[in-house]
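Visitor: What follows is the file model_21.cif, containing mmCIF, N, CA and C atoms:
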```
data_input
#
loop_
_atom_site.label_atom_id
_atom_site.label_comp_id
_atom_site.auth_asym_id
_atom_site.auth_seq_id
_atom_site.Cartn_x
_atom_site.Cartn_y
_atom_site.Cartn_z
N MET Q 48 -8.95 -1.00 12.34
CA MET Q 48 -7.86 -0.05 12.35
C MET Q 48 -7.86 0.75 11.06
N ASN Q 49 -7.47 2.00 11.20
CA ASN Q 49 -7.29 2.85 10.03
C ASN Q 49 -5.87 2.68 9.51
N ILE Q 50 -5.71 2.88 8.22
CA ILE Q 50 -4.38 2.86 7.62
C ILE Q 50 -4.12 4.24 7.05
N GLU Q 51 -2.96 4.79 7.41
CA GLU Q 51 -2.58 6.11 6.92
C GLU Q 51 -1.18 6.02 6.32
N PHE Q 52 -1.04 6.49 5.09
CA PHE Q 52 0.26 6.53 4.43
C PHE Q 52 0.85 7.92 4.59
N LEU Q 53 2.08 7.99 5.07
CA LEU Q 53 2.78 9.27 5.07
C LEU Q 53 2.99 9.68 3.61
N PRO Q 54 3.09 10.98 3.34
CA PRO Q 54 3.27 11.43 1.95
C PRO Q 54 4.45 10.75 1.25
N GLN Q 55 5.56 10.56 1.95
CA GLN Q 55 6.72 9.92 1.32
C GLN Q 55 6.44 8.46 1.00
N ALA Q 56 5.67 7.79 1.86
CA ALA Q 56 5.32 6.39 1.59
C ALA Q 56 4.43 6.29 0.35
N LYS Q 57 3.50 7.23 0.19
CA LYS Q 57 2.68 7.27 -1.03
C LYS Q 57 3.55 7.49 -2.26
N ALA Q 58 4.51 8.40 -2.14
CA ALA Q 58 5.42 8.67 -3.25
C ALA Q 58 6.25 7.44 -3.58
N ASP Q 59 6.73 6.73 -2.54
CA ASP Q 59 7.49 5.49 -2.74
C ASP Q 59 6.67 4.49 -3.56
N MET Q 60 5.42 4.33 -3.15
CA MET Q 60 4.53 3.37 -3.79
C MET Q 60 4.25 3.76 -5.24
N GLU Q 61 4.01 5.04 -5.48
CA GLU Q 61 3.75 5.53 -6.84
C GLU Q 61 4.97 5.34 -7.73
N THR Q 62 6.15 5.58 -7.20
CA THR Q 62 7.38 5.40 -7.97
C THR Q 62 7.55 3.94 -8.38
N ALA Q 63 7.33 3.02 -7.45
CA ALA Q 63 7.44 1.59 -7.75
C ALA Q 63 6.38 1.17 -8.76
N PHE Q 64 5.16 1.67 -8.59
CA PHE Q 64 4.08 1.34 -9.53
C PHE Q 64 4.45 1.80 -10.93
N GLU Q 65 4.94 3.03 -11.07
CA GLU Q 65 5.32 3.56 -12.39
C GLU Q 65 6.46 2.75 -13.00
N PHE Q 66 7.41 2.33 -12.18
CA PHE Q 66 8.51 1.49 -12.66
C PHE Q 66 7.95 0.21 -13.28
N TYR Q 67 7.08 -0.48 -12.55
CA TYR Q 67 6.51 -1.72 -13.06
C TYR Q 67 5.62 -1.47 -14.28
N ARG Q 68 4.89 -0.37 -14.27
CA ARG Q 68 3.98 -0.07 -15.38
C ARG Q 68 4.73 0.14 -16.69
N GLN Q 69 5.94 0.67 -16.61
CA GLN Q 69 6.74 0.87 -17.83
C GLN Q 69 7.03 -0.45 -18.52
N TYR Q 70 7.13 -1.52 -17.74
CA TYR Q 70 7.48 -2.82 -18.30
C TYR Q 70 6.28 -3.71 -18.55
N SER Q 71 5.27 -3.59 -17.70
CA SER Q 71 4.13 -4.49 -17.82
C SER Q 71 2.97 -3.99 -16.97
N LYS Q 72 1.81 -3.84 -17.62
CA LYS Q 72 0.63 -3.45 -16.86
C LYS Q 72 0.25 -4.53 -15.85
N GLY Q 73 0.50 -5.77 -16.22
CA GLY Q 73 0.22 -6.88 -15.30
C GLY Q 73 1.08 -6.81 -14.06
N ALA Q 74 2.36 -6.50 -14.24
CA ALA Q 74 3.26 -6.40 -13.08
C ALA Q 74 2.83 -5.24 -12.18
N ALA Q 75 2.42 -4.14 -12.79
CA ALA Q 75 1.96 -2.98 -12.00
C ALA Q 75 0.71 -3.35 -11.21
N SER Q 76 -0.20 -4.06 -11.85
CA SER Q 76 -1.41 -4.51 -11.15
C SER Q 76 -1.08 -5.47 -10.03
N ASN Q 77 -0.13 -6.37 -10.29
CA ASN Q 77 0.30 -7.31 -9.25
C ASN Q 77 0.92 -6.58 -8.07
N PHE Q 78 1.67 -5.53 -8.34
CA PHE Q 78 2.28 -4.75 -7.26
C PHE Q 78 1.19 -4.16 -6.36
N LEU Q 79 0.18 -3.55 -6.98
CA LEU Q 79 -0.91 -2.96 -6.18
C LEU Q 79 -1.67 -4.04 -5.41
N ALA Q 80 -1.86 -5.20 -6.03
CA ALA Q 80 -2.54 -6.30 -5.34
C ALA Q 80 -1.72 -6.76 -4.13
N GLU Q 81 -0.42 -6.80 -4.26
CA GLU Q 81 0.45 -7.18 -3.15
C GLU Q 81 0.39 -6.15 -2.02
N ILE Q 82 0.36 -4.88 -2.38
CA ILE Q 82 0.22 -3.82 -1.36
C ILE Q 82 -1.10 -3.99 -0.64
N SER Q 83 -2.15 -4.24 -1.40
CA SER Q 83 -3.48 -4.43 -0.81
C SER Q 83 -3.51 -5.64 0.12
N ALA Q 84 -2.90 -6.75 -0.29
CA ALA Q 84 -2.87 -7.95 0.55
C ALA Q 84 -2.07 -7.70 1.83
N ALA Q 85 -0.96 -7.00 1.70
CA ALA Q 85 -0.14 -6.72 2.89
C ALA Q 85 -0.86 -5.81 3.87
N THR Q 86 -1.53 -4.78 3.35
CA THR Q 86 -2.25 -3.87 4.26
C THR Q 86 -3.45 -4.58 4.89
N ALA Q 87 -4.08 -5.49 4.16
CA ALA Q 87 -5.18 -6.27 4.75
C ALA Q 87 -4.66 -7.15 5.88
N GLN Q 88 -3.50 -7.75 5.67
CA GLN Q 88 -2.89 -8.57 6.74
C GLN Q 88 -2.57 -7.70 7.95
N MET Q 89 -2.02 -6.51 7.69
CA MET Q 89 -1.67 -5.60 8.78
C MET Q 89 -2.92 -5.17 9.55
N GLU Q 90 -4.01 -4.93 8.84
CA GLU Q 90 -5.27 -4.55 9.50
C GLU Q 90 -5.78 -5.68 10.39
N ALA Q 91 -5.73 -6.89 9.86
CA ALA Q 91 -6.24 -8.04 10.60
C ALA Q 91 -5.33 -8.42 11.77
N PHE Q 92 -4.03 -8.31 11.53
CA PHE Q 92 -3.03 -8.71 12.53
C PHE Q 92 -1.95 -7.63 12.63
N PRO Q 93 -2.25 -6.51 13.29
CA PRO Q 93 -1.34 -5.37 13.31
C PRO Q 93 0.06 -5.68 13.81
N GLU Q 94 0.19 -6.64 14.70
CA GLU Q 94 1.50 -6.94 15.26
C GLU Q 94 2.22 -8.05 14.49
N SER Q 95 1.74 -8.40 13.31
CA SER Q 95 2.36 -9.48 12.54
C SER Q 95 3.68 -9.08 11.91
N GLY Q 96 3.90 -7.79 11.73
CA GLY Q 96 5.16 -7.34 11.16
C GLY Q 96 6.30 -7.49 12.15
N MET Q 97 7.47 -7.83 11.62
CA MET Q 97 8.65 -7.99 12.46
C MET Q 97 9.11 -6.63 12.99
N ILE Q 98 9.41 -6.55 14.28
CA ILE Q 98 9.94 -5.31 14.85
C ILE Q 98 11.39 -5.17 14.40
N VAL Q 99 11.70 -4.02 13.78
CA VAL Q 99 13.06 -3.79 13.29
C VAL Q 99 13.80 -2.75 14.12
N PHE Q 100 13.05 -1.89 14.81
CA PHE Q 100 13.67 -0.87 15.67
C PHE Q 100 12.58 -0.24 16.52
N ASP Q 101 12.77 -0.25 17.82
CA ASP Q 101 11.77 0.29 18.75
C ASP Q 101 10.38 -0.19 18.36
N ASP Q 102 9.53 0.73 17.89
CA ASP Q 102 8.16 0.36 17.52
C ASP Q 102 7.96 0.31 16.01
N LEU Q 103 9.03 0.34 15.25
CA LEU Q 103 8.96 0.28 13.78
C LEU Q 103 8.89 -1.18 13.35
N ARG Q 104 7.89 -1.49 12.55
CA ARG Q 104 7.68 -2.86 12.09
C ARG Q 104 7.85 -2.94 10.58
N ARG Q 105 8.12 -4.15 10.10
CA ARG Q 105 8.31 -4.37 8.67
C ARG Q 105 7.53 -5.60 8.25
N ILE Q 106 6.88 -5.48 7.12
CA ILE Q 106 6.20 -6.62 6.51
C ILE Q 106 6.68 -6.71 5.07
N LEU Q 107 6.94 -7.92 4.61
CA LEU Q 107 7.43 -8.14 3.25
C LEU Q 107 6.26 -8.46 2.33
N LEU Q 108 6.32 -7.95 1.12
CA LEU Q 108 5.34 -8.37 0.12
C LEU Q 108 5.70 -9.79 -0.29
N ARG Q 109 4.71 -10.59 -0.60
CA ARG Q 109 4.96 -12.01 -0.87
C ARG Q 109 5.59 -12.27 -2.23
N ARG Q 110 5.12 -11.57 -3.26
CA ARG Q 110 5.58 -11.89 -4.62
C ARG Q 110 6.36 -10.76 -5.27
N MET Q 111 6.67 -9.75 -4.53
CA MET Q 111 7.44 -8.62 -5.07
C MET Q 111 8.55 -8.31 -4.06
N PRO Q 112 9.69 -7.83 -4.54
CA PRO Q 112 10.81 -7.58 -3.62
C PRO Q 112 10.69 -6.24 -2.88
N TYR Q 113 9.53 -5.99 -2.30
CA TYR Q 113 9.28 -4.74 -1.58
C TYR Q 113 8.89 -5.03 -0.15
N GLN Q 114 9.05 -4.02 0.68
CA GLN Q 114 8.73 -4.11 2.10
C GLN Q 114 7.99 -2.85 2.52
N ILE Q 115 7.17 -3.01 3.53
CA ILE Q 115 6.43 -1.88 4.10
C ILE Q 115 6.89 -1.71 5.54
N PHE Q 116 7.29 -0.50 5.87
CA PHE Q 116 7.64 -0.15 7.25
C PHE Q 116 6.47 0.62 7.84
N TYR Q 117 6.08 0.26 9.07
CA TYR Q 117 4.92 0.92 9.68
C TYR Q 117 5.04 0.94 11.19
N ARG Q 118 4.21 1.78 11.77
CA ARG Q 118 4.08 1.87 13.22
C ARG Q 118 2.60 1.73 13.58
N ILE Q 119 2.36 1.20 14.75
CA ILE Q 119 1.00 1.12 15.28
C ILE Q 119 0.84 2.31 16.23
N GLU Q 120 -0.10 3.18 15.90
CA GLU Q 120 -0.36 4.35 16.73
C GLU Q 120 -1.84 4.37 17.10
N LYS Q 121 -2.13 3.92 18.30
CA LYS Q 121 -3.51 3.79 18.80
C LYS Q 121 -4.33 2.96 17.82
N GLU Q 122 -5.28 3.54 17.14
CA GLU Q 122 -6.14 2.82 16.21
C GLU Q 122 -5.72 3.02 14.75
N THR Q 123 -4.49 3.45 14.53
CA THR Q 123 -4.00 3.73 13.18
C THR Q 123 -2.71 2.97 12.89
N LEU Q 124 -2.64 2.41 11.70
CA LEU Q 124 -1.40 1.85 11.20
C LEU Q 124 -0.78 2.93 10.32
N LEU Q 125 0.34 3.46 10.74
CA LEU Q 125 0.99 4.55 10.03
C LEU Q 125 2.08 3.96 9.13
N ILE Q 126 1.84 4.03 7.82
CA ILE Q 126 2.80 3.51 6.85
C ILE Q 126 3.89 4.57 6.66
N ILE Q 127 5.11 4.19 7.02
CA ILE Q 127 6.25 5.10 6.97
C ILE Q 127 6.92 5.06 5.61
N SER Q 128 7.06 3.83 5.06
CA SER Q 128 7.83 3.67 3.83
C SER Q 128 7.39 2.41 3.09
N VAL Q 129 7.45 2.49 1.77
CA VAL Q 129 7.29 1.33 0.90
C VAL Q 129 8.56 1.31 0.06
N SER Q 130 9.43 0.32 0.28
CA SER Q 130 10.73 0.35 -0.39
C SER Q 130 11.14 -1.01 -0.92
N HIS Q 131 12.02 -0.97 -1.91
CA HIS Q 131 12.60 -2.19 -2.44
C HIS Q 131 13.47 -2.79 -1.34
N GLN Q 132 13.51 -4.10 -1.25
CA GLN Q 132 14.24 -4.75 -0.16
C GLN Q 132 15.75 -4.52 -0.24
N ARG Q 133 16.26 -4.17 -1.39
CA ARG Q 133 17.69 -3.92 -1.52
C ARG Q 133 18.06 -2.45 -1.41
N SER Q 134 17.09 -1.59 -1.25
CA SER Q 134 17.41 -0.16 -1.15
C SER Q 134 17.95 0.17 0.23
N LYS Q 135 18.77 1.20 0.26
CA LYS Q 135 19.31 1.66 1.53
C LYS Q 135 18.25 2.49 2.23
N PRO Q 136 18.08 2.29 3.54
CA PRO Q 136 17.08 3.09 4.26
C PRO Q 136 17.49 4.54 4.32
N ARG Q 137 16.52 5.42 4.16
CA ARG Q 137 16.82 6.84 4.33
C ARG Q 137 16.47 7.22 5.76
N SER Q 138 17.03 8.29 6.23
CA SER Q 138 16.75 8.69 7.61
C SER Q 138 15.31 9.17 7.72
N ARG Q 139 14.69 8.85 8.84
CA ARG Q 139 13.26 9.20 9.03
C ARG Q 139 13.16 10.12 10.21
#
```
For the structure just supplied, provide its representation as structure tokens.
Guide:
Amino acid sequence: MNIEFLPQAKADMETAFEFYRQYSKGAASNFLAEISAATAQMEAFPESGMIVFDDLRRILLRRMPYQIFYRIEKETLLIISVSHQRSKPRSR
């Protein structure tokens, strides 16, 4: 499966990375490693994310308080959002 990040999801991820980088390069690296592990899991098991609404799925990062929202579209995993678990969802 291909993985495609919507522009806003990329921006979400970059914002979180920059936040962590301000405090610790190690934390920023860990954040990217967690994103990589989550996307690898999604590639291997596309339906492993919990369905939260219609066809929108969510997967939690294991060691960071972030979540990835995505949809399965044919042979593509479309990443909609990368957000902190306590943030309010924005309309999509």
Visitor: Check the DSSP output for the backbone and give back, as number ranges by chain, the residues of chain Q in strand (DSSP E).
Guide: Q: 49-52, 97-100, 103-107, 113-120, 123-131
Visitor: Point out the residue among Q:Glu65, Q:Glu81, Q:Glu51, Q:Asp59 with the least atom-to-atom distance to Leu108 in chain Q, counting all atoms listed in the file.
Guide: Q:Glu81
Visitor: One decimal, Å: what's the distance from CA of Ile127 in chain Q over to CA of Tyr70 in chain Q, could you say?
Guide: 26.5 Å
Visitor: So which residues touch Pro93 in chain Q within 10 Å, counting only C-alpha atoms, skipping near sequence neighbours fewer than 4 positions away, as a PyMOL selection string?
Guide: chain Q and resi 48+86-89+104+117-119+122-124
Visitor: Around the point (5.3, -2.2, 6.9), in the coordinates given by the file, pick out the residues reaching within 6 Å, counting only N, CA and C atoms, and return them as a PDB file with N, CA and C atoms, in the coordinates of the input.
Guide:
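To be explicit, this is the file written out as point13.pdb:
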```
ATOM      1  N   ARG Q 104       7.890  -1.490  12.550  1.00  0.00           N
ATOM      2  CA  ARG Q 104       7.680  -2.860  12.090  1.00  0.00           C
ATOM      3  C   ARG Q 104       7.850  -2.940  10.580  1.00  0.00           C
ATOM      4  N   ARG Q 105       8.120  -4.150  10.100  1.00  0.00           N
ATOM      5  CA  ARG Q 105       8.310  -4.370   8.670  1.00  0.00           C
ATOM      6  C   ARG Q 105       7.530  -5.600   8.250  1.00  0.00           C
ATOM      7  N   ILE Q 106       6.880  -5.480   7.120  1.00  0.00           N
ATOM      8  CA  ILE Q 106       6.200  -6.620   6.510  1.00  0.00           C
ATOM      9  C   ILE Q 106       6.680  -6.710   5.070  1.00  0.00           C
ATOM     10  N   GLN Q 114       9.050  -4.020   0.680  1.00  0.00           N
ATOM     11  CA  GLN Q 114       8.730  -4.110   2.100  1.00  0.00           C
ATOM     12  C   GLN Q 114       7.990  -2.850   2.520  1.00  0.00           C
ATOM     13  N   ILE Q 115       7.170  -3.010   3.530  1.00  0.00           N
ATOM     14  CA  ILE Q 115       6.430  -1.880   4.100  1.00  0.00           C
ATOM     15  C   ILE Q 115       6.890  -1.710   5.540  1.00  0.00           C
ATOM     16  N   PHE Q 116       7.290  -0.500   5.870  1.00  0.00           N
ATOM     17  CA  PHE Q 116       7.640  -0.150   7.250  1.00  0.00           C
ATOM     18  C   PHE Q 116       6.470   0.620   7.840  1.00  0.00           C
ATOM     19  N   TYR Q 117       6.080   0.260   9.070  1.00  0.00           N
ATOM     20  CA  TYR Q 117       4.920   0.920   9.680  1.00  0.00           C
ATOM     21  C   TYR Q 117       5.040   0.940  11.190  1.00  0.00           C
TER      22      TYR Q 117
END
```
Visitor: Which is closer to Ala84 in chain Q than all the others in Q:Asn49, Q:Met97, Q:Gln69, Q:Arg109, using all atoms listed in the file?
Guide: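 For Ala84 in chain Q, the nearest of the candidates is Q:Arg109.
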Visitor: Step one, run DSSP on the backbone; step two, keep only residues of chain Q assigned to alpha helix (DSSP H); then write them as an NGL selection string.
Guide: :Q and (54-70 or 72-91)
Visitor: With only C-alpha atoms as the atoms that count, which of Q:Ile98, Q:Ile126, Q:Met111, Q:Ala56 lies nearest to Ala75 in chain Q?
Guide: Q:Met111
Visitor: Would you mind reading off the distance between CA of Ala63 in chain Q and atom N of Ile50 in chain Q, one decimal, in Å?
Guide: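 Here the two named atoms are 20.7 Å from each other.
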Visitor: Mind giving me the axis-aligned box for range 99-115 of chain Q with 6 Å on every side, centre plus edges in Å to one decimal, as AutoDock Vina command-line options?
Guide:
```
--center_x 9.3 --center_y -5.8 --center_z 6.7 --size_x 21.1 --size_y 25.0 --size_z 36.0
```
Visitor: Suppose you want the space between atom N of Asn77 in chain Q and atom C of Phe64 in chain Q; what is it in Å?
Guide: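 Separating atom N of Asn77 in chain Q from atom C of Phe64 in chain Q is a distance of 9.4 Å.
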Visitor: Measuring between only C-alpha atoms, which one of Q:Tyr113, Q:Phe100, Q:Leu53, Q:Ala91 shows the shortest distance to Leu79 in chain Q?
Guide: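 Residue with the minimum atom-to-atom distance to Leu79 in chain Q: Q:Tyr113.
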